[in-house]
$ cat entry.txt   # compact mmCIF, C-alpha atoms
# COMPACT_ATOMS: atom_id res chain seq x y z
CA MET A 1 8.49 36.90 -25.59
CA ALA A 2 11.76 35.41 -24.49
CA ILE A 3 12.03 31.68 -24.74
CA GLN A 4 12.08 30.16 -21.27
CA ARG A 5 15.00 27.84 -20.79
CA SER A 6 14.26 24.78 -18.79
CA HIS A 7 16.57 23.87 -15.98
CA ASN A 8 16.93 20.47 -14.32
CA ILE A 9 13.72 19.29 -15.96
CA TRP A 10 14.67 15.66 -15.21
CA VAL A 11 13.77 16.17 -11.55
CA PRO A 12 9.97 16.07 -12.07
CA TYR A 13 10.35 12.92 -14.17
CA VAL A 14 12.26 11.19 -11.38
CA THR A 15 9.62 12.16 -8.81
CA LEU A 16 6.91 10.85 -11.16
CA LEU A 17 8.79 7.57 -11.58
CA LEU A 18 8.99 7.25 -7.79
CA ALA A 19 5.26 7.97 -7.61
CA PHE A 20 4.63 5.17 -10.12
CA MET A 21 6.67 2.77 -8.01
CA LEU A 22 4.81 3.78 -4.85
CA SER A 23 1.49 3.20 -6.56
CA ALA A 24 2.58 -0.26 -7.79
CA LEU A 25 3.81 -1.37 -4.35
CA PRO A 26 2.20 -4.61 -3.22
CA MET A 27 0.58 -4.35 0.23
CA ILE A 28 -2.05 -5.57 2.61
CA GLU A 29 -5.60 -5.46 1.32
CA TRP A 30 -7.07 -2.89 3.73
CA LEU A 31 -4.19 -0.51 3.00
CA GLN A 32 -4.91 -0.80 -0.71
CA TRP A 33 -8.33 0.75 -0.30
CA GLY A 34 -7.00 4.02 1.04
CA TRP A 35 -3.66 4.11 -0.78
CA PRO A 36 -3.17 7.69 -2.03
CA LYS A 37 -3.10 8.43 -5.76
CA TRP A 38 0.62 9.16 -5.78
CA VAL A 39 1.04 9.76 -9.50
CA LEU A 40 -1.94 12.09 -9.73
CA VAL A 41 -0.99 14.15 -6.67
CA VAL A 42 2.68 14.51 -7.65
CA PHE A 43 1.63 15.41 -11.19
CA ILE A 44 -0.83 18.05 -9.94
CA TYR A 45 2.04 19.59 -7.97
CA TRP A 46 4.14 19.94 -11.12
CA VAL A 47 1.17 21.31 -13.09
CA ILE A 48 0.68 23.99 -10.45
CA ALA A 49 4.42 24.73 -10.20
CA LEU A 50 5.34 24.56 -13.91
CA PRO A 51 2.10 24.97 -15.90
CA HIS A 52 4.04 25.84 -19.09
CA LYS A 53 5.80 22.44 -18.95
CA PHE A 54 3.15 20.05 -17.70
CA GLY A 55 -0.36 20.06 -19.10
CA MET A 56 -3.01 17.80 -20.53
CA GLY A 57 -0.65 16.13 -22.99
CA TRP A 58 1.47 14.76 -20.17
CA ALA A 59 -1.65 13.89 -18.20
CA PHE A 60 -2.80 11.79 -21.15
CA ILE A 61 0.50 9.91 -21.37
CA LEU A 62 0.75 9.32 -17.61
CA GLY A 63 -2.87 8.17 -17.54
CA LEU A 64 -2.17 5.63 -20.27
CA LEU A 65 0.82 4.35 -18.30
CA MET A 66 -1.42 4.04 -15.22
CA ASP A 67 -3.89 2.01 -17.29
CA LEU A 68 -1.13 -0.32 -18.41
CA LEU A 69 0.17 -0.68 -14.86
CA GLN A 70 -3.26 -1.34 -13.37
CA GLY A 71 -4.59 -3.44 -16.21
CA SER A 72 -7.68 -1.26 -16.54
CA HIS A 73 -9.20 -0.48 -19.92
CA LEU A 74 -6.88 1.66 -22.01
CA GLY A 75 -7.93 5.31 -21.70
CA VAL A 76 -9.86 5.13 -18.42
CA ASN A 77 -7.20 6.69 -16.20
CA ALA A 78 -6.04 8.87 -19.09
CA LEU A 79 -9.51 10.43 -19.35
CA ALA A 80 -9.70 11.01 -15.59
CA MET A 81 -6.24 12.58 -15.45
CA VAL A 82 -6.88 14.84 -18.44
CA VAL A 83 -10.08 16.19 -16.86
CA VAL A 84 -8.40 16.76 -13.48
CA THR A 85 -5.43 18.47 -15.15
CA PHE A 86 -7.84 20.71 -17.05
CA PHE A 87 -9.20 22.00 -13.72
CA ALA A 88 -5.70 22.31 -12.29
CA THR A 89 -4.46 24.40 -15.24
CA LEU A 90 -7.50 26.69 -14.95
CA MET A 91 -6.82 27.56 -11.33
CA TYR A 92 -3.09 27.26 -10.79
CA ARG A 93 -2.69 30.97 -10.00
CA ARG A 94 -5.42 30.91 -7.38
CA PHE A 95 -4.15 27.61 -6.05
CA ARG A 96 -0.69 29.05 -5.31
CA MET A 97 -2.33 31.72 -3.14
CA TYR A 98 -4.33 29.24 -1.09
CA ARG A 99 -3.50 28.33 2.47
CA ALA A 100 -2.36 24.81 3.21
CA TRP A 101 -5.75 23.52 4.33
CA GLN A 102 -7.47 25.10 1.32
CA GLN A 103 -4.96 23.42 -1.00
CA SER A 104 -5.52 20.17 0.83
CA PHE A 105 -9.27 20.49 0.28
CA MET A 106 -8.81 21.23 -3.43
CA ILE A 107 -6.63 18.11 -3.78
CA PHE A 108 -9.39 16.15 -2.06
CA LEU A 109 -11.89 17.42 -4.65
CA LEU A 110 -9.58 16.79 -7.61
CA VAL A 111 -8.75 13.22 -6.54
CA ALA A 112 -12.45 12.59 -5.90
CA VAL A 113 -13.23 13.71 -9.49
CA ASN A 114 -10.48 11.40 -10.75
CA GLN A 115 -11.85 8.45 -8.76
CA CYS A 116 -15.45 9.06 -9.89
CA ILE A 117 -14.51 9.17 -13.57
CA SER A 118 -12.20 6.16 -13.53
CA TYR A 119 -14.50 3.90 -11.50
CA TRP A 120 -17.70 4.84 -13.24
CA VAL A 121 -16.21 4.27 -16.67
CA GLN A 122 -14.67 1.00 -15.50
CA GLY A 123 -17.94 -0.02 -13.84
CA ILE A 124 -19.65 -0.23 -17.24
CA GLY A 125 -19.81 -3.88 -18.20
CA SER A 126 -18.42 -5.21 -14.92
CA ASN A 127 -20.08 -7.22 -12.17
CA ALA A 128 -18.10 -5.68 -9.35
CA SER A 129 -20.29 -3.84 -6.88
CA ILE A 130 -18.12 -1.08 -5.57
CA GLY A 131 -20.13 1.05 -3.14
CA LEU A 132 -18.45 4.30 -2.22
CA TRP A 133 -15.15 2.90 -0.97
CA PHE A 134 -13.41 3.97 -4.16
CA LEU A 135 -13.56 7.54 -2.84
CA LEU A 136 -11.34 6.73 0.16
CA PRO A 137 -8.05 7.69 -1.58
CA ALA A 138 -9.39 11.25 -1.99
CA PRO A 139 -9.30 12.33 1.70
CA VAL A 140 -6.07 10.37 2.22
CA SER A 141 -4.43 12.14 -0.72
CA GLY A 142 -5.68 15.50 0.52
CA PHE A 143 -4.17 14.82 3.93
CA LEU A 144 -0.92 13.62 2.38
CA TRP A 145 -0.65 16.84 0.38
CA LEU A 146 0.24 18.82 3.52
CA TRP A 147 3.57 16.95 3.73
CA LEU A 148 4.09 16.13 0.11
CA VAL A 149 4.00 19.78 -0.92
CA VAL A 150 6.77 20.56 1.58
CA VAL A 151 8.96 17.76 0.24
CA LEU A 152 8.34 18.56 -3.43
CA ARG A 153 8.83 22.29 -2.90
CA GLY A 154 12.11 21.52 -1.13
CA ILE A 155 13.21 19.38 -4.06
CA ARG A 156 12.16 22.00 -6.61
CA ARG A 157 14.09 24.75 -4.84
CA ALA A 158 17.16 22.60 -4.13
CA PHE A 159 17.50 21.73 -7.83
CA LYS A 160 16.17 25.10 -9.07
CA VAL A 161 13.78 23.33 -11.42
CA ALA A 162 12.24 25.70 -13.94
CA MET B 163 -9.58 34.51 -22.29
CA PHE B 164 -7.75 33.00 -25.22
CA LYS B 165 -5.83 30.74 -22.89
CA GLY B 166 -9.08 29.42 -21.44
CA GLN B 167 -10.40 28.72 -24.94
CA SER B 168 -7.40 26.68 -25.97
CA ALA B 169 -7.57 24.71 -22.72
CA VAL B 170 -11.17 23.74 -23.48
CA LYS B 171 -10.17 22.75 -26.99
CA LYS B 172 -7.36 20.58 -25.64
CA LEU B 173 -9.67 19.01 -23.09
CA THR B 174 -12.19 18.07 -25.79
CA THR B 175 -9.53 16.61 -28.07
CA TYR B 176 -7.88 14.46 -25.42
CA SER B 177 -11.22 13.34 -23.96
CA LEU B 178 -12.38 12.24 -27.41
CA ILE B 179 -9.16 10.28 -27.94
CA CYS B 180 -9.63 8.63 -24.54
CA LEU B 181 -13.25 7.71 -25.27
CA CYS B 182 -12.25 6.20 -28.62
CA LEU B 183 -9.53 4.18 -26.88
CA ILE B 184 -11.95 2.94 -24.21
CA VAL B 185 -14.57 1.90 -26.76
CA ALA B 186 -11.91 0.21 -28.90
CA ASP B 187 -10.56 -1.64 -25.86
CA TYR B 188 -14.04 -2.90 -24.99
CA GLN B 189 -14.98 -3.88 -28.52
CA PHE B 190 -12.02 -5.01 -30.55
CA GLY B 191 -9.59 -7.84 -29.92
CA GLN B 192 -6.94 -6.07 -31.96
CA MET B 193 -6.17 -3.84 -28.99
CA GLN B 194 -4.72 -6.86 -27.17
CA ARG B 195 -1.66 -6.84 -29.38
CA MET B 196 -1.12 -3.10 -29.12
CA ARG B 197 -1.51 -3.34 -25.38
CA ALA B 198 1.03 -6.14 -25.24
CA TRP B 199 3.70 -3.89 -26.76
CA LEU B 200 2.73 -0.78 -24.81
CA SER B 201 2.96 -2.77 -21.57
CA LEU B 202 6.71 -2.99 -22.13
CA ALA B 203 6.86 0.63 -21.00
CA VAL B 204 5.71 -0.21 -17.47
CA THR B 205 7.55 -3.53 -17.14
CA PRO B 206 10.63 -1.83 -15.58
CA VAL B 207 8.44 -0.31 -12.87
CA GLN B 208 6.98 -3.73 -12.09
CA TRP B 209 10.47 -5.23 -11.86
CA LEU B 210 11.78 -2.40 -9.70
CA VAL B 211 8.91 -2.73 -7.24
CA ASP B 212 9.65 -6.44 -6.87
CA VAL B 213 13.35 -5.84 -6.13
CA PRO B 214 13.06 -5.35 -2.31
CA GLN B 215 11.13 -8.56 -1.75
CA HIS B 216 13.30 -10.47 -4.19
CA SER B 217 16.56 -9.34 -2.56
CA TRP B 218 15.11 -9.93 0.92
CA THR B 219 14.44 -13.58 0.05
CA TRP B 220 17.87 -13.81 -1.57
CA LEU B 221 19.58 -12.35 1.50
CA GLY B 222 17.59 -14.63 3.81
CA GLU B 223 18.77 -17.65 1.85
CA ARG B 224 22.41 -16.50 2.01
CA LEU B 225 22.37 -15.74 5.73
CA GLN B 226 20.52 -18.81 6.93
CA VAL B 227 22.42 -20.81 9.53
CA ARG B 228 23.97 -24.05 8.31
CA ASP B 229 22.13 -26.19 10.85
CA GLU B 230 18.81 -24.77 9.76
CA LEU B 231 19.62 -25.52 6.16
CA ILE B 232 20.57 -29.08 7.00
CA ALA B 233 17.36 -29.53 8.96
CA GLU B 234 15.29 -28.06 6.14
CA ASN B 235 17.11 -30.26 3.65
CA LYS B 236 16.30 -33.34 5.72
CA LYS B 237 12.67 -32.37 5.94
CA LEU B 238 12.45 -31.77 2.19
CA ARG B 239 14.10 -35.12 1.49
CA ALA B 240 11.51 -36.84 3.64
CA GLN B 241 8.75 -35.00 1.82
CA THR B 242 10.19 -35.93 -1.56
CA LEU B 243 10.32 -39.56 -0.52
CA LEU B 244 6.67 -39.50 0.48
CA ALA B 245 5.71 -37.70 -2.72
CA GLU B 246 7.70 -40.17 -4.81
CA ARG B 247 5.94 -43.07 -3.19
CA GLN B 248 2.63 -41.52 -4.17
CA VAL B 249 3.85 -40.88 -7.69
CA GLN B 250 4.82 -44.53 -8.03
CA LYS B 251 1.30 -45.50 -7.22
CA LEU B 252 0.05 -42.79 -9.54
CA ALA B 253 2.10 -44.13 -12.46
CA ALA B 254 0.47 -47.51 -12.10
CA LEU B 255 -2.95 -45.92 -11.80
CA THR B 256 -2.32 -43.71 -14.84
CA VAL B 257 -1.40 -46.69 -16.97
CA GLU B 258 -4.44 -48.54 -15.74
CA ASN B 259 -6.60 -45.53 -16.45
CA PHE B 260 -5.24 -45.27 -19.99
CA ARG B 261 -5.96 -48.93 -20.58
CA LEU B 262 -9.49 -48.61 -19.28
CA ARG B 263 -10.06 -45.52 -21.39
CA ASP B 264 -8.74 -47.42 -24.38
CA LEU B 265 -11.32 -50.07 -23.66
CA LEU B 266 -13.98 -47.39 -23.58
CA ASN B 267 -12.64 -45.78 -26.78
CA SER B 268 -12.36 -42.47 -25.00
CA SER B 269 -9.39 -40.30 -25.79
CA GLU B 270 -8.66 -38.12 -22.86
CA ARG B 271 -5.17 -37.03 -22.00
CA LEU B 272 -4.21 -36.95 -18.37
CA ASP B 273 -0.84 -35.26 -18.65
CA GLU B 274 -0.47 -31.62 -19.45
CA LYS B 275 2.79 -29.83 -20.05
CA VAL B 276 3.53 -27.32 -17.34
CA THR B 277 5.76 -24.24 -17.13
CA VAL B 278 6.82 -22.77 -13.81
CA SER B 279 6.42 -19.04 -13.37
CA GLU B 280 7.04 -16.54 -10.62
CA LEU B 281 4.77 -13.82 -9.34
CA ILE B 282 6.33 -10.37 -9.63
CA GLY B 283 3.47 -8.07 -8.72
CA VAL B 284 -0.09 -7.77 -7.57
CA ASN B 285 -2.65 -5.33 -8.85
CA THR B 286 -3.05 -2.34 -6.57
CA ASP B 287 -6.64 -1.77 -7.62
CA PRO B 288 -8.68 -3.45 -4.86
CA PHE B 289 -11.66 -3.88 -7.20
CA SER B 290 -9.96 -6.22 -9.62
CA HIS B 291 -8.14 -9.34 -8.55
CA GLN B 292 -5.13 -9.66 -10.82
CA VAL B 293 -1.50 -10.61 -10.37
CA ILE B 294 1.49 -10.14 -12.66
CA ILE B 295 3.84 -13.02 -13.48
CA ASN B 296 7.26 -13.07 -15.13
CA ASN B 297 6.32 -15.14 -18.19
CA GLY B 298 5.42 -13.26 -21.32
CA PHE B 299 4.55 -14.44 -24.81
CA ASN B 300 8.29 -14.77 -25.40
CA MET B 301 8.22 -17.71 -23.01
CA GLY B 302 5.07 -19.19 -24.50
CA ALA B 303 2.39 -17.66 -22.29
CA PHE B 304 -0.89 -16.95 -24.09
CA VAL B 305 -4.19 -15.28 -23.35
CA GLY B 306 -6.58 -17.80 -21.80
CA GLN B 307 -3.85 -20.00 -20.37
CA PRO B 308 -4.88 -21.65 -17.07
CA VAL B 309 -2.73 -20.88 -14.02
CA LEU B 310 -2.38 -23.11 -10.95
CA ASP B 311 -0.42 -23.11 -7.76
CA ALA B 312 0.57 -26.15 -5.73
CA THR B 313 -2.86 -26.49 -4.16
CA GLY B 314 -5.38 -25.58 -6.83
CA VAL B 315 -6.57 -23.40 -9.71
CA MET B 316 -5.53 -19.74 -9.41
CA GLY B 317 -6.98 -18.19 -12.55
CA GLN B 318 -6.20 -17.52 -16.18
CA ILE B 319 -4.03 -15.17 -18.20
CA VAL B 320 -5.94 -12.19 -19.57
CA SER B 321 -3.17 -10.24 -21.23
CA THR B 322 0.43 -10.87 -22.17
CA SER B 323 3.39 -8.71 -23.05
CA ALA B 324 6.86 -9.79 -24.09
CA PHE B 325 8.16 -10.46 -20.56
CA THR B 326 5.15 -10.36 -18.22
CA SER B 327 1.54 -11.50 -18.15
CA ARG B 328 -1.52 -10.56 -16.18
CA VAL B 329 -3.48 -13.30 -14.42
CA LEU B 330 -7.14 -12.81 -13.57
CA LEU B 331 -7.84 -14.71 -10.33
CA ILE B 332 -10.89 -16.94 -9.95
CA THR B 333 -12.21 -14.68 -7.16
CA ASP B 334 -12.48 -11.60 -9.40
CA ALA B 335 -16.05 -10.37 -9.69
CA ASP B 336 -15.91 -10.83 -13.46
CA HIS B 337 -14.58 -14.40 -13.41
CA ALA B 338 -16.44 -17.70 -13.55
CA ILE B 339 -15.09 -21.24 -13.80
CA PRO B 340 -17.01 -24.43 -14.65
CA VAL B 341 -16.66 -26.96 -11.82
CA GLU B 342 -18.04 -30.28 -10.69
CA VAL B 343 -18.43 -31.85 -7.28
CA ASN B 344 -15.68 -34.41 -6.90
CA ARG B 345 -17.90 -36.80 -4.92
CA ASN B 346 -20.72 -37.21 -7.44
CA GLY B 347 -19.89 -35.27 -10.60
CA LEU B 348 -22.60 -32.66 -10.08
CA ARG B 349 -21.84 -29.82 -12.50
CA SER B 350 -21.98 -26.11 -11.74
CA VAL B 351 -20.22 -22.80 -12.30
CA ALA B 352 -18.22 -21.05 -9.58
CA TYR B 353 -18.47 -17.26 -9.74
CA GLY B 354 -16.00 -14.87 -8.17
CA LEU B 355 -17.43 -12.34 -5.75
CA GLY B 356 -14.56 -9.86 -5.55
CA GLN B 357 -13.49 -11.31 -2.18
CA TYR B 358 -10.36 -13.42 -1.89
CA GLU B 359 -11.93 -15.99 0.43
CA TYR B 360 -15.14 -16.87 -1.40
CA LEU B 361 -16.64 -18.26 -4.57
CA GLU B 362 -20.36 -18.73 -5.13
CA LEU B 363 -22.34 -21.42 -6.97
CA GLN B 364 -25.53 -19.74 -8.12
CA ASP B 365 -27.22 -22.32 -10.28
CA LEU B 366 -27.74 -25.33 -8.02
CA SER B 367 -31.33 -26.27 -7.31
CA ASP B 368 -32.45 -26.46 -3.73
CA THR B 369 -32.53 -30.26 -3.84
CA ALA B 370 -29.10 -30.74 -5.41
CA ASP B 371 -26.77 -33.19 -3.69
CA ILE B 372 -24.09 -30.91 -2.29
CA GLU B 373 -22.73 -30.75 1.24
CA VAL B 374 -20.34 -28.69 3.29
CA GLY B 375 -16.84 -30.11 2.80
CA ASP B 376 -17.36 -31.20 -0.81
CA ILE B 377 -14.35 -30.60 -3.05
CA LEU B 378 -15.07 -28.78 -6.30
CA VAL B 379 -12.77 -29.64 -9.21
CA SER B 380 -12.56 -28.05 -12.64
CA SER B 381 -14.96 -29.84 -14.97
CA GLY B 382 -13.16 -29.12 -18.23
CA LEU B 383 -16.35 -27.81 -19.79
CA GLY B 384 -15.85 -24.50 -21.54
CA LEU B 385 -12.56 -25.87 -22.87
CA ARG B 386 -10.40 -23.45 -20.98
CA PHE B 387 -9.40 -25.13 -17.73
CA PRO B 388 -8.24 -28.75 -17.91
CA LYS B 389 -10.41 -31.29 -16.12
CA GLY B 390 -9.80 -32.48 -12.60
CA TYR B 391 -7.82 -29.77 -10.79
CA PRO B 392 -9.10 -28.74 -7.34
CA VAL B 393 -10.78 -25.33 -7.33
CA ALA B 394 -12.55 -24.86 -4.02
CA LYS B 395 -14.08 -26.49 -0.97
CA VAL B 396 -17.72 -25.94 -0.05
CA ILE B 397 -17.97 -24.15 3.29
CA GLU B 398 -21.62 -23.17 3.39
CA VAL B 399 -24.87 -24.49 1.88
CA ARG B 400 -27.91 -22.42 2.71
CA HIS B 401 -31.42 -23.49 1.74
CA LEU B 402 -33.63 -20.46 1.54
CA ALA B 403 -37.35 -21.01 1.94
CA GLY B 404 -39.23 -19.90 -1.16
CA GLN B 405 -36.13 -19.82 -3.37
CA ASP B 406 -35.54 -22.25 -6.24
CA PHE B 407 -31.78 -22.18 -5.86
CA ALA B 408 -29.59 -22.98 -2.90
CA LYS B 409 -26.92 -20.51 -1.88
CA VAL B 410 -23.59 -22.31 -1.93
CA ILE B 411 -20.36 -20.65 -0.84
CA ALA B 412 -16.95 -22.24 -1.39
CA LYS B 413 -13.42 -21.32 -0.38
CA PRO B 414 -10.69 -21.50 -3.06
CA THR B 415 -8.08 -24.17 -2.35
CA ALA B 416 -5.29 -22.21 -4.05
CA GLN B 417 -3.32 -19.78 -1.87
CA LEU B 418 -4.47 -16.78 -3.89
CA LYS B 419 -2.77 -14.21 -1.71
CA ARG B 420 0.37 -16.13 -0.79
CA SER B 421 1.67 -18.27 -3.64
CA ARG B 422 4.74 -16.92 -5.37
CA HIS B 423 5.46 -19.86 -7.64
CA LEU B 424 2.77 -20.64 -10.15
CA LEU B 425 2.26 -23.27 -12.83
CA LEU B 426 1.13 -22.41 -16.34
CA ILE B 427 -0.60 -25.25 -18.14
CA GLU B 428 -0.11 -25.96 -21.80
CA THR B 429 -3.60 -26.85 -22.98
CA PRO B 430 -4.41 -28.57 -26.28
CA GLN B 431 -6.44 -25.56 -27.48
CA ARG B 432 -3.18 -23.63 -27.53
CA GLN B 433 -2.10 -25.57 -30.59
CA SER B 434 -5.20 -24.68 -32.57
CA SER B 435 -5.11 -21.00 -31.59
CA VAL B 436 -1.46 -20.73 -32.61
CA GLU B 437 -2.21 -22.32 -35.93
CA LYS B 438 -5.07 -19.92 -36.45
CA GLU B 439 -2.83 -16.94 -35.73
CA SER B 440 -0.06 -18.07 -38.02
CA HIS B 441 -2.39 -18.28 -41.01
$ encode --input "entry.txt" --output "structure tokens"
Amino acid sequence: MAIQRSHNIWVPYVTLLLAFMLSALPMIEWLQWGWPKWVLVVFIYWVIALPHKFGMGWAFILGLLMDLLQGSHLGVNALAMVVVTFFATLMYRRFRMYRAWQQSFMIFLLVAVNQCISYWVQGIGSNASIGLWFLLPAPVSGFLWLWLVVVLRGIRRAFKVA
Amino acid sequence: MFKGQSAVKKLTTYSLICLCLIVADYQFGQMQRMRAWLSLAVTPVQWLVDVPQHSWTWLGERLQVRDELIAENKKLRAQTLLAERQVQKLAALTVENFRLRDLLNSSERLDEKVTVSELIGVNTDPFSHQVIINNGFNMGAFVGQPVLDATGVMGQIVSTSAFTSRVLLITDADHAIPVEVNRNGLRSVAYGLGQYEYLELQDLSDTADIEVGDILVSSGLGLRFPKGYPVAKVIEVRHLAGQDFAKVIAKPTAQLKRSRHLLLIETPQRQSSVEKESH
């Protein structure tokens, strides 16, 4: 098997850095509740597009960085992102065939899984009563996907990332 | 088929590592130090996110009209004068207080050393009330250090890295601060509820002497927060029939969502903890 040469591989890293900045943006409280999971969604895009480059190893590292940024217990976001990436790597071929609304729904499910894992693990040993509001970023992220995928695909093709 | 197998193997490995990390973070204090160094990796992101607001303030200051600046300067001068007058009185009172305490053989210090710090980020997780400040352990910040703003107690530092620290606010659902009623010295503990506007006192009996409008100050018990700084103002006292405890709600006096300049207090315990670490 011929070795695949990577081309413009810095582009995904830049988009991920932007996603990190978007997720760290300070904002009004009610907006915080539904703020999409930028890093996760952008990362899922790159897993689907370049599954040989981005997998669970990267998910683990990005999750740890999220933990450091959010001040949550080390490993909480990492665990959630690894699990979500596992599902994404299993179905990336099918996912590429999906229609836009089907993709959007899958993103909704994946982000919901991420939210469940991270908040349940964090909820152990905390007094915060959280209700079901923590799931709000899932539909918002799913909705966002419809536009985000256009932008990211445009970027990927413009720079011929491989 | 083989690909699926290896994916499962990877998933198990990484999940196990994550679980070990989580357990270690819950259980062992050693993780604090590792975390402090790892946090350096995300410090640039925190700085970058703060750039727009920082430059906006900077630009505003540069472009302000001269007249406005003069007016503001005048106003500030007047305020300083008023403040200085109060400080003069305070100096006399402090000396008197020291003398009286000497008479009573009690050795309480009234002055604490203070460092000024600036807020550079807020936590985006709505379930935990934390802010990020630009003082790290390089500038003397330490875990457990009390943080104030101009109007009251904000919280305490829960983790430090070289250039930034994380402050847990008093309204976080996992935070509690020992307080006393300024009017009569009644002691209690103010718990955070996870809402920025409210604190709750849960352990006051139904007959306790507390009223709406009472100022709660830090009591100094628990040896973390210094005594006598304003924490909150009681806004609701509800006596519930058949309950042993009254439900008391207070509003923090600090501007938890607005203050950008914060004060870090050098507490005496700092000395002992540093000595312990250096051994």
$ atom_distance --input "entry.txt" --atom1 "atom CA of Thr15 of chain A" --atom2 "atom CA of Met66 of chain A"
15.1 Å
$ residues_around --input "entry.txt" --residues "His401 of chain B" --least-positions-apart "4" --cutoff "9 Å" --atoms "only C-alpha atoms" --output "MDAnalysis selection string"
chainID B and resid 368:369 405 407:410
$ interface_residues --input "entry.txt" --of "chain A" --to "chain B" --cutoff "7 Å" --atoms "all atoms listed in the file" --output "PyMOL selection string"
chain A and resi 21+24-26+32-33+65+68-70+73-76+78-79+82-83+86+126-128
$ write_last_selection --input "entry.txt" --atoms "C-alpha atoms" --output "tab-separated table (two decimals), in the coordinates of the input"
chain	number	residue	atom	x	y	z
A	21	MET	CA	6.67	2.77	-8.01
A	24	ALA	CA	2.58	-0.26	-7.79
A	25	LEU	CA	3.81	-1.37	-4.35
A	26	PRO	CA	2.20	-4.61	-3.22
A	32	GLN	CA	-4.91	-0.80	-0.71
A	33	TRP	CA	-8.33	0.75	-0.30
A	65	LEU	CA	0.82	4.35	-18.30
A	68	LEU	CA	-1.13	-0.32	-18.41
A	69	LEU	CA	0.17	-0.68	-14.86
A	70	GLN	CA	-3.26	-1.34	-13.37
A	73	HIS	CA	-9.20	-0.48	-19.92
A	74	LEU	CA	-6.88	1.66	-22.01
A	75	GLY	CA	-7.93	5.31	-21.70
A	76	VAL	CA	-9.86	5.13	-18.42
A	78	ALA	CA	-6.04	8.87	-19.09
A	79	LEU	CA	-9.51	10.43	-19.35
A	82	VAL	CA	-6.88	14.84	-18.44
A	83	VAL	CA	-10.08	16.19	-16.86
A	86	PHE	CA	-7.84	20.71	-17.05
A	126	SER	CA	-18.42	-5.21	-14.92
A	127	ASN	CA	-20.08	-7.22	-12.17
A	128	ALA	CA	-18.10	-5.68	-9.35
$ atom_distance --input "entry.txt" --atom1 "atom CA of Ile332 of chain B" --atom2 "atom CA of Gln189 of chain B"
23.1 Å
$ residues_around --input "entry.txt" --residues "Tyr92 of chain A" --least-positions-apart "2" --cutoff "10 Å" --atoms "all atoms listed in the file" --output "PyMOL selection string"
chain A and resi 44-45+47-51+87-90+94-98
$ write_last_selection --input "entry.txt" --atoms "C-alpha atoms" --output "compact mmCIF listing (two decimals), keeping the file's coordinate frame"
# COMPACT_ATOMS: atom_id res chain seq x y z
CA ILE A 44 -0.83 18.05 -9.94
CA TYR A 45 2.04 19.59 -7.97
CA VAL A 47 1.17 21.31 -13.09
CA ILE A 48 0.68 23.99 -10.45
CA ALA A 49 4.42 24.73 -10.20
CA LEU A 50 5.34 24.56 -13.91
CA PRO A 51 2.10 24.97 -15.90
CA PHE A 87 -9.20 22.00 -13.72
CA ALA A 88 -5.70 22.31 -12.29
CA THR A 89 -4.46 24.40 -15.24
CA LEU A 90 -7.50 26.69 -14.95
CA ARG A 94 -5.42 30.91 -7.38
CA PHE A 95 -4.15 27.61 -6.05
CA ARG A 96 -0.69 29.05 -5.31
CA MET A 97 -2.33 31.72 -3.14
CA TYR A 98 -4.33 29.24 -1.09
$ atom_distance --input "entry.txt" --atom1 "atom CA of Leu146 of chain A" --atom2 "atom CA of Val41 of chain A"
11.3 Å
$ residues_around --input "entry.txt" --residues "Asp311 of chain B" --least-positions-apart "2" --cutoff "12 Å" --atoms "all atoms listed in the file" --output "MDAnalysis selection string"
chainID B and resid 276:281 308:309 313:318 331 391:393 414:427
$ residues_around --input "entry.txt" --residues "segment 297-303 of chain B" --least-positions-apart "5" --cutoff "6 Å" --atoms "all atoms listed in the file" --output "PyMOL selection string"
chain B and resi 322-327
$ closest_residue --input "entry.txt" --among "A:Leu132, A:Ile155, A:Ala138, A:Leu62" --to "Pro36 of chain A" --atoms "all atoms listed in the file"
A:Ala138
$ closest_residue --input "entry.txt" --among "A:Val11, A:Leu22, A:Leu144, A:Leu16" --to "Ala59 of chain A" --atoms "all atoms listed in the file"
A:Leu16
$ residues_around --input "entry.txt" --residues "Phe143 of chain A" --least-positions-apart "3" --cutoff "10 Å" --atoms "all atoms listed in the file" --output "number ranges by chain"
A: 36, 101, 103-105, 107-108, 137-140, 146-148
